[in-house]
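Engineer: Provided below: protein-v9.cif, containing mmCIF, C-alpha atoms and all ligand atoms.
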```
data_my_file
#
loop_
_atom_site.label_atom_id
_atom_site.label_comp_id
_atom_site.auth_asym_id
_atom_site.auth_seq_id
_atom_site.Cartn_x
_atom_site.Cartn_y
_atom_site.Cartn_z
CA MET Y 4 16.77 4.18 -8.17
CA VAL Y 5 14.73 1.05 -7.49
CA LYS Y 6 16.35 -2.37 -7.11
CA SER Y 7 14.35 -5.54 -6.75
CA ASN Y 8 15.25 -9.14 -6.13
CA CYS Y 9 12.58 -11.51 -7.34
CA ALA Y 10 14.69 -14.43 -8.48
CA LEU Y 11 14.17 -16.12 -5.13
CA SER Y 12 11.01 -17.49 -3.52
CA PRO Y 13 8.36 -14.88 -2.63
CA GLU Y 14 9.41 -14.88 1.05
CA ALA Y 15 12.71 -13.34 -0.05
CA TRP Y 16 11.32 -10.77 -2.49
CA THR Y 17 12.54 -7.28 -1.76
CA ILE Y 18 12.35 -3.86 -3.37
CA GLU Y 19 14.98 -1.29 -2.43
CA THR Y 20 14.71 2.45 -2.82
CA GLU Y 21 16.99 5.26 -1.73
CA ARG Y 22 15.81 5.14 1.91
CA LEU Y 23 13.54 2.11 2.11
CA LEU Y 24 13.50 -1.64 1.94
CA LEU Y 25 10.14 -3.15 1.03
CA ARG Y 26 10.02 -6.77 2.15
CA PRO Y 27 7.38 -9.36 3.03
CA PHE Y 28 6.13 -9.21 6.62
CA THR Y 29 6.97 -11.99 9.05
CA LEU Y 30 5.14 -12.86 12.26
CA ASP Y 31 7.99 -11.13 14.12
CA ASP Y 32 6.58 -7.84 12.80
CA ALA Y 33 3.22 -8.32 14.55
CA THR Y 34 4.09 -6.18 17.59
CA ALA Y 35 5.38 -3.29 15.48
CA VAL Y 36 2.39 -3.51 13.12
CA ALA Y 37 -0.11 -3.47 16.00
CA ALA Y 38 1.66 -0.52 17.64
CA LEU Y 39 1.33 1.54 14.44
CA ALA Y 40 -2.01 0.29 13.14
CA ASN Y 41 -3.94 0.63 16.41
CA ASN Y 42 -4.75 4.24 15.59
CA ARG Y 43 -8.10 5.83 14.71
CA ASN Y 44 -6.38 8.24 12.32
CA LEU Y 45 -5.46 5.20 10.24
CA SER Y 46 -8.66 3.16 10.62
CA GLU Y 47 -10.85 6.17 9.74
CA ARG Y 48 -8.98 6.66 6.45
CA THR Y 49 -8.87 3.01 5.33
CA LEU Y 50 -11.40 0.31 4.61
CA TYR Y 51 -9.79 -2.74 6.16
CA LEU Y 52 -7.93 -1.61 9.30
CA PRO Y 53 -10.13 -2.47 12.29
CA HIS Y 54 -10.10 -0.47 15.52
CA PRO Y 55 -8.91 -1.48 18.01
CA TYR Y 56 -6.09 -3.23 16.12
CA THR Y 57 -4.49 -5.88 18.31
CA GLU Y 58 -1.36 -7.98 17.97
CA GLN Y 59 -3.68 -10.89 17.08
CA SER Y 60 -5.14 -8.75 14.25
CA ALA Y 61 -1.60 -8.35 12.92
CA ILE Y 62 -0.81 -12.07 13.26
CA ASP Y 63 -4.04 -13.04 11.44
CA TRP Y 64 -3.31 -10.53 8.66
CA ILE Y 65 0.35 -11.47 8.18
CA ALA Y 66 -0.59 -15.18 8.10
CA THR Y 67 -2.54 -14.58 4.87
CA HIS Y 68 0.40 -13.04 2.98
CA ALA Y 69 2.47 -16.07 1.97
CA ASP Y 70 -0.35 -17.81 0.07
CA ASN Y 71 -1.32 -14.56 -1.63
CA PHE Y 72 2.28 -14.06 -2.79
CA ARG Y 73 2.64 -17.65 -3.99
CA ASN Y 74 -0.68 -17.55 -5.86
CA ASP Y 75 0.21 -14.17 -7.40
CA GLU Y 76 -3.01 -12.75 -6.00
CA ARG Y 77 -1.76 -9.99 -3.75
CA TYR Y 78 1.63 -8.69 -2.71
CA GLU Y 79 1.90 -7.08 0.73
CA PHE Y 80 5.18 -5.46 1.72
CA ALA Y 81 6.47 -3.98 4.95
CA ILE Y 82 7.81 -0.47 4.39
CA THR Y 83 11.02 -0.45 6.40
CA ASP Y 84 14.07 1.77 6.84
CA ARG Y 85 16.84 0.19 4.79
CA GLU Y 86 19.49 1.19 7.37
CA THR Y 87 17.78 0.58 10.70
CA GLY Y 88 15.05 -1.89 9.76
CA THR Y 89 12.38 0.22 11.49
CA VAL Y 90 8.90 -0.68 10.23
CA TYR Y 91 7.19 2.48 8.96
CA GLY Y 92 4.06 0.99 7.42
CA ALA Y 93 2.63 -1.31 4.78
CA ILE Y 94 1.97 -1.24 1.07
CA GLY Y 95 0.02 -3.80 -0.95
CA LEU Y 96 -0.95 -4.50 -4.50
CA SER Y 97 -3.68 -6.85 -5.70
CA HIS Y 98 -3.11 -8.75 -8.94
CA ASN Y 99 -5.85 -9.33 -11.50
CA LYS Y 100 -3.94 -11.64 -13.82
CA ILE Y 101 -6.52 -11.67 -16.60
CA HIS Y 102 -6.59 -7.91 -16.98
CA ARG Y 103 -2.95 -7.33 -15.92
CA LYS Y 104 -3.88 -4.73 -13.36
CA GLY Y 105 -4.09 -4.27 -9.65
CA SER Y 106 -5.17 -2.00 -6.86
CA LEU Y 107 -2.62 -0.20 -4.69
CA GLY Y 108 -3.13 0.47 -0.98
CA TYR Y 109 -0.84 1.73 1.78
CA TRP Y 110 -0.58 3.12 5.27
CA ILE Y 111 2.25 4.74 7.21
CA GLY Y 112 2.34 4.85 11.03
CA GLU Y 113 1.39 8.34 12.21
CA PRO Y 114 4.77 9.14 13.86
CA TYR Y 115 6.33 8.78 10.40
CA TRP Y 116 3.87 10.84 8.31
CA GLY Y 117 5.22 13.66 6.18
CA ASN Y 118 8.62 12.19 5.35
CA GLY Y 119 7.75 11.13 1.82
CA TYR Y 120 7.82 7.42 2.72
CA ALA Y 121 4.42 6.57 1.19
CA THR Y 122 5.37 8.31 -2.04
CA GLU Y 123 8.76 6.60 -2.21
CA ALA Y 124 7.27 3.17 -1.50
CA ALA Y 125 4.33 3.61 -3.89
CA LEU Y 126 6.56 4.79 -6.73
CA ALA Y 127 8.78 1.75 -6.26
CA LEU Y 128 5.89 -0.71 -6.07
CA VAL Y 129 4.25 0.68 -9.21
CA HIS Y 130 7.59 0.49 -11.02
CA TRP Y 131 7.96 -3.12 -9.80
CA ALA Y 132 4.41 -3.97 -10.92
CA PHE Y 133 5.14 -2.74 -14.45
CA SER Y 134 8.73 -3.85 -14.90
CA VAL Y 135 8.86 -7.11 -12.91
CA ARG Y 136 5.28 -8.42 -12.71
CA GLY Y 137 4.08 -7.29 -16.15
CA PHE Y 138 1.14 -5.16 -14.99
CA HIS Y 139 -0.50 -2.87 -17.53
CA LYS Y 140 -2.43 -0.71 -15.06
CA VAL Y 141 -2.37 0.17 -11.36
CA TYR Y 142 -5.31 1.95 -9.73
CA ALA Y 143 -6.04 3.30 -6.28
CA SER Y 144 -8.77 5.20 -4.51
CA HIS Y 145 -8.89 7.39 -1.43
CA PHE Y 146 -11.68 8.72 0.78
CA ASP Y 147 -12.36 12.26 -0.41
CA PHE Y 148 -11.42 13.83 2.93
CA ASN Y 149 -8.01 12.10 2.83
CA GLN Y 150 -6.10 14.65 0.80
CA ALA Y 151 -2.68 13.34 1.91
CA SER Y 152 -3.35 10.04 0.14
CA GLY Y 153 -4.54 11.91 -2.93
CA ARG Y 154 -1.25 13.81 -2.95
CA VAL Y 155 0.67 10.53 -2.87
CA MET Y 156 -1.30 9.31 -5.91
CA GLN Y 157 -0.65 12.56 -7.76
CA LYS Y 158 3.05 12.60 -6.86
CA ILE Y 159 3.60 9.12 -8.29
CA GLY Y 160 2.07 10.16 -11.60
CA MET Y 161 -1.42 8.71 -11.28
CA ASN Y 162 -4.28 10.43 -13.07
CA LEU Y 163 -7.64 11.21 -11.50
CA VAL Y 164 -10.29 9.05 -13.18
CA GLY Y 165 -13.25 10.47 -11.35
CA THR Y 166 -15.33 10.79 -8.21
CA LEU Y 167 -17.24 7.79 -6.89
CA VAL Y 168 -20.07 9.45 -4.98
CA ASP Y 169 -21.23 7.65 -1.80
CA ASN Y 170 -19.24 4.61 -2.92
CA LEU Y 171 -18.78 3.07 0.53
CA TYR Y 172 -20.83 2.78 3.70
CA LYS Y 173 -18.59 2.86 6.76
CA ASP Y 174 -19.30 3.62 10.40
CA GLY Y 175 -22.86 4.71 9.59
CA LYS Y 176 -21.88 7.15 6.84
CA TYR Y 177 -21.53 7.13 3.07
CA ILE Y 178 -18.04 7.90 1.82
CA THR Y 179 -17.20 9.44 -1.51
CA GLU Y 180 -13.98 8.23 -3.10
CA GLN Y 181 -11.56 9.67 -5.63
CA LEU Y 182 -10.32 7.06 -8.11
CA TYR Y 183 -6.84 7.30 -9.66
CA GLU Y 184 -4.98 5.14 -12.17
CA ILE Y 185 -1.71 4.87 -14.04
CA VAL Y 186 -1.18 2.91 -17.25
CA HIS Y 187 2.24 1.45 -18.00
CA SER Y 188 2.67 3.17 -21.33
CA ASN Y 189 2.11 6.53 -19.60
CA THR Y 190 5.00 6.14 -17.16
CA LYS Y 191 8.05 8.27 -17.71
C1 LIG F 201 -1.79 8.87 3.37
C2 LIG F 201 -0.45 8.46 4.00
C3 LIG F 201 -0.13 7.04 3.58
C4 LIG F 201 0.64 9.41 3.52
O1 LIG F 201 1.87 8.94 4.03
P1 LIG F 201 3.17 9.91 4.07
O2 LIG F 201 4.37 9.05 4.15
O3 LIG F 201 2.96 10.92 5.11
O4 LIG F 201 3.04 10.57 2.62
P2 LIG F 201 4.13 11.48 1.86
O5 LIG F 201 4.98 12.16 2.89
O6 LIG F 201 4.80 10.63 0.85
O7 LIG F 201 3.22 12.54 1.08
C5 LIG F 201 2.13 13.15 1.75
C6 LIG F 201 1.69 14.36 0.95
O8 LIG F 201 0.40 14.76 1.43
C7 LIG F 201 0.46 16.10 1.82
N1 LIG F 201 -0.52 16.26 2.90
C8 LIG F 201 -0.44 15.83 4.16
N2 LIG F 201 -1.57 16.17 4.83
C9 LIG F 201 -2.35 16.81 3.92
C10 LIG F 201 -3.65 17.39 3.99
N3 LIG F 201 -4.36 17.38 5.12
N4 LIG F 201 -4.15 17.98 2.87
C11 LIG F 201 -3.45 18.01 1.72
N5 LIG F 201 -2.21 17.45 1.59
C12 LIG F 201 -1.68 16.86 2.69
C13 LIG F 201 1.88 16.32 2.24
O9 LIG F 201 2.20 17.70 2.29
C14 LIG F 201 2.60 15.56 1.13
O10 LIG F 201 2.57 16.27 -0.08
P3 LIG F 201 3.78 17.20 -0.60
O11 LIG F 201 4.97 16.31 -0.72
O12 LIG F 201 3.29 17.74 -1.89
O13 LIG F 201 3.98 18.26 0.45
C15 LIG F 201 -0.52 8.52 5.55
O14 LIG F 201 -0.97 9.79 5.93
C16 LIG F 201 -1.41 7.45 6.15
O15 LIG F 201 -1.00 6.33 6.36
N6 LIG F 201 -2.68 7.82 6.42
C17 LIG F 201 -3.63 6.86 7.02
C18 LIG F 201 -3.89 5.65 6.14
C19 LIG F 201 -4.24 6.05 4.73
O16 LIG F 201 -4.80 7.12 4.50
N7 LIG F 201 -3.92 5.19 3.77
C20 LIG F 201 -4.27 5.45 2.38
C21 LIG F 201 -5.65 5.01 2.12
S1 LIG F 201 -6.15 5.41 0.45
#
```
Any chance you could put this one into structure tokens?

Structural biologist:
Amino acid sequence: MVKSNCALSPEAWTIETERLLLRPFTLDDATAVAALANNRNLSERTLYLPHPYTEQSAIDWIATHADNFRNDERYEFAITDRETGTVYGAIGLSHNKIHRKGSLGYWIGEPYWGNGYATEAALALVHWAFSVRGFHKVYASHFDFNQASGRVMQKIGMNLVGTLVDNLYKDGKYITEQLYEIVHSNTK
């Protein structure tokens, strides 16, 4: 079951799942974010996480969120434990208002991998995108060596669109990506 509260201002938007509370980040999260994100196993699998990732990196990143929320351009949520408040990771969705679609991205801190948190958060955010924000399509891509992320996309019902050969150039190497999507009318 997914519960969301979007009647309030964006700073108070939340999405609840069985185990998780997705909520906007605040600057108080910077220490926790830096502790989790300063990890090569995350930066190697993502496009935008620098390494090293400092507390200042987290502060600079979190400072961009409020305007993005208010302008309906991008929604970035902390993935937290709904009982303890522990920050497990982050999940974000861009918003292309003209085409009613957006791109999904996420990371979970390595100590918390394998608990189904990314899947639970992604399922909730896609549901929220369709039912609350009026999206028609959500898409996502993963580096081809990152099978765990591909599993998350499959488990939330996304369909493989295709392979984007040598789509990115990162750290001196070309990276092939797998592109997935889900269309609202196809959700169960
Ligand atoms: C990808 C990531 C978000 C997954 O988070 P998570 O909370 O561990 O994901 P879940 O537990 O919901 O699901 C992971 C699935 O991948 C599977 N998996 C894990 N490692 C795998 C591997 N090397 N090969 C294939 N499948 C793998 C798990 O078994 C699980 O599938 P299952 O439920 O069918 O068994 C996390 O590993 C991460 O943050 N990685 C670094 C950043 C990143 O890759 N972000 C996504 C960029 S596209």

Engineer: From the options Y:Asp63, Y:Asp75, Y:Trp16, Y:Gly112, which residue's atoms come nearest to Leu39 (chain Y), counting only C-alpha atoms?

Structural biologist: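 Under the stated criterion, the closest residue is Y:Gly112.
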
Engineer: Out of Y:Ile159, Y:Leu45, Y:Val164, Y:Ile185, which residue has the shortest atom-to-atom distance to ligand LIG 201 (chain F) when counting all atoms listed in the file?

Structural biologist: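 Ranked by minimum distance to ligand LIG 201 (chain F), first place goes to Y:Leu45.
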
Engineer: Give the answer as one residue: which of Y:Asp70, Y:Glu21, Y:Asp169, Y:Glu123 has the shortest atom-to-atom distance to ligand LIG 201 (chain F), using only C-alpha atoms and all ligand atoms?

Structural biologist: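 Going through Y:Asp70, Y:Glu21, Y:Asp169, Y:Glu123 one by one, the smallest distance to ligand LIG 201 (chain F) is for Y:Glu123.
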
Engineer: Restricting the calculation to only C-alpha atoms and all ligand atoms: of Y:Trp64, Y:Tyr56, Y:Phe146, Y:Tyr172, which residue gets closest to ligand LIG 201 (chain F)?

Structural biologist: Y:Phe146

Engineer: Identify the residues within 12 Å of coordinate (4.8, 13.2, -1.7) (same frame as the file), considering only C-alpha atoms, and give the answer as a PDB file with C-alpha atoms, keeping the file's coordinate frame.

Structural biologist:
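Written file, part.pdb:
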```pdb
ATOM      1  CA  TRP Y 116       3.870  10.840   8.310  1.00  0.00           C
ATOM      2  CA  GLY Y 117       5.220  13.660   6.180  1.00  0.00           C
ATOM      3  CA  ASN Y 118       8.620  12.190   5.350  1.00  0.00           C
ATOM      4  CA  GLY Y 119       7.750  11.130   1.820  1.00  0.00           C
ATOM      5  CA  TYR Y 120       7.820   7.420   2.720  1.00  0.00           C
ATOM      6  CA  ALA Y 121       4.420   6.570   1.190  1.00  0.00           C
ATOM      7  CA  THR Y 122       5.370   8.310  -2.040  1.00  0.00           C
ATOM      8  CA  GLU Y 123       8.760   6.600  -2.210  1.00  0.00           C
ATOM      9  CA  ALA Y 124       7.270   3.170  -1.500  1.00  0.00           C
ATOM     10  CA  ALA Y 125       4.330   3.610  -3.890  1.00  0.00           C
ATOM     11  CA  LEU Y 126       6.560   4.790  -6.730  1.00  0.00           C
ATOM     12  CA  GLN Y 150      -6.100  14.650   0.800  1.00  0.00           C
ATOM     13  CA  ALA Y 151      -2.680  13.340   1.910  1.00  0.00           C
ATOM     14  CA  SER Y 152      -3.350  10.040   0.140  1.00  0.00           C
ATOM     15  CA  GLY Y 153      -4.540  11.910  -2.930  1.00  0.00           C
ATOM     16  CA  ARG Y 154      -1.250  13.810  -2.950  1.00  0.00           C
ATOM     17  CA  VAL Y 155       0.670  10.530  -2.870  1.00  0.00           C
ATOM     18  CA  MET Y 156      -1.300   9.310  -5.910  1.00  0.00           C
ATOM     19  CA  GLN Y 157      -0.650  12.560  -7.760  1.00  0.00           C
ATOM     20  CA  LYS Y 158       3.050  12.600  -6.860  1.00  0.00           C
ATOM     21  CA  ILE Y 159       3.600   9.120  -8.290  1.00  0.00           C
ATOM     22  CA  GLY Y 160       2.070  10.160 -11.600  1.00  0.00           C
TER      23      GLY Y 160
END
```

Engineer: Write out as a list in words each polymer residue whose atoms come within 9 Å of Thr166 (chain Y), counting all atoms listed in the file; drop sequence neighbours fewer than 4 positions from it.

Structural biologist: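 Near Thr166 (chain Y), the qualifying residues are Asp147, Thr179, Glu180, Gln181 and Leu182 of chain Y.
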
Engineer: Find the axis-aligned box for region 57-62 of chain Y, covering all its listed atoms and adding 3 Å on each side, and write its centre and edge lengths in Å to one decimal as JSON.

Structural biologist:
```
{"center_x": -3.0, "center_y": -9.0, "center_z": 15.6, "size_x": 10.3, "size_y": 12.2, "size_z": 11.4}
```

Engineer: At what distance in Å, to one decimal, does CA of Val141 (chain Y) lie from CA of Gly105 (chain Y)?

Structural biologist: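 CA of Val141 (chain Y) lies at a distance of 5.1 Å from CA of Gly105 (chain Y).
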
Engineer: So what do you get for CA of Ser12 (chain Y) versus CA of Trp131 (chain Y), distance-wise?

Structural biologist: 16.0 Å

Engineer: Go through Y:Glu79, Y:Asp84, Y:Asp31, Y:Glu113 one by one, measure the shortest atom-to-atom distance of each to ligand LIG 201 (chain F) using all atoms listed in the file, and give the residue with the smallest value.

Structural biologist: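 The closest residue to ligand LIG 201 (chain F) is Y:Glu113.
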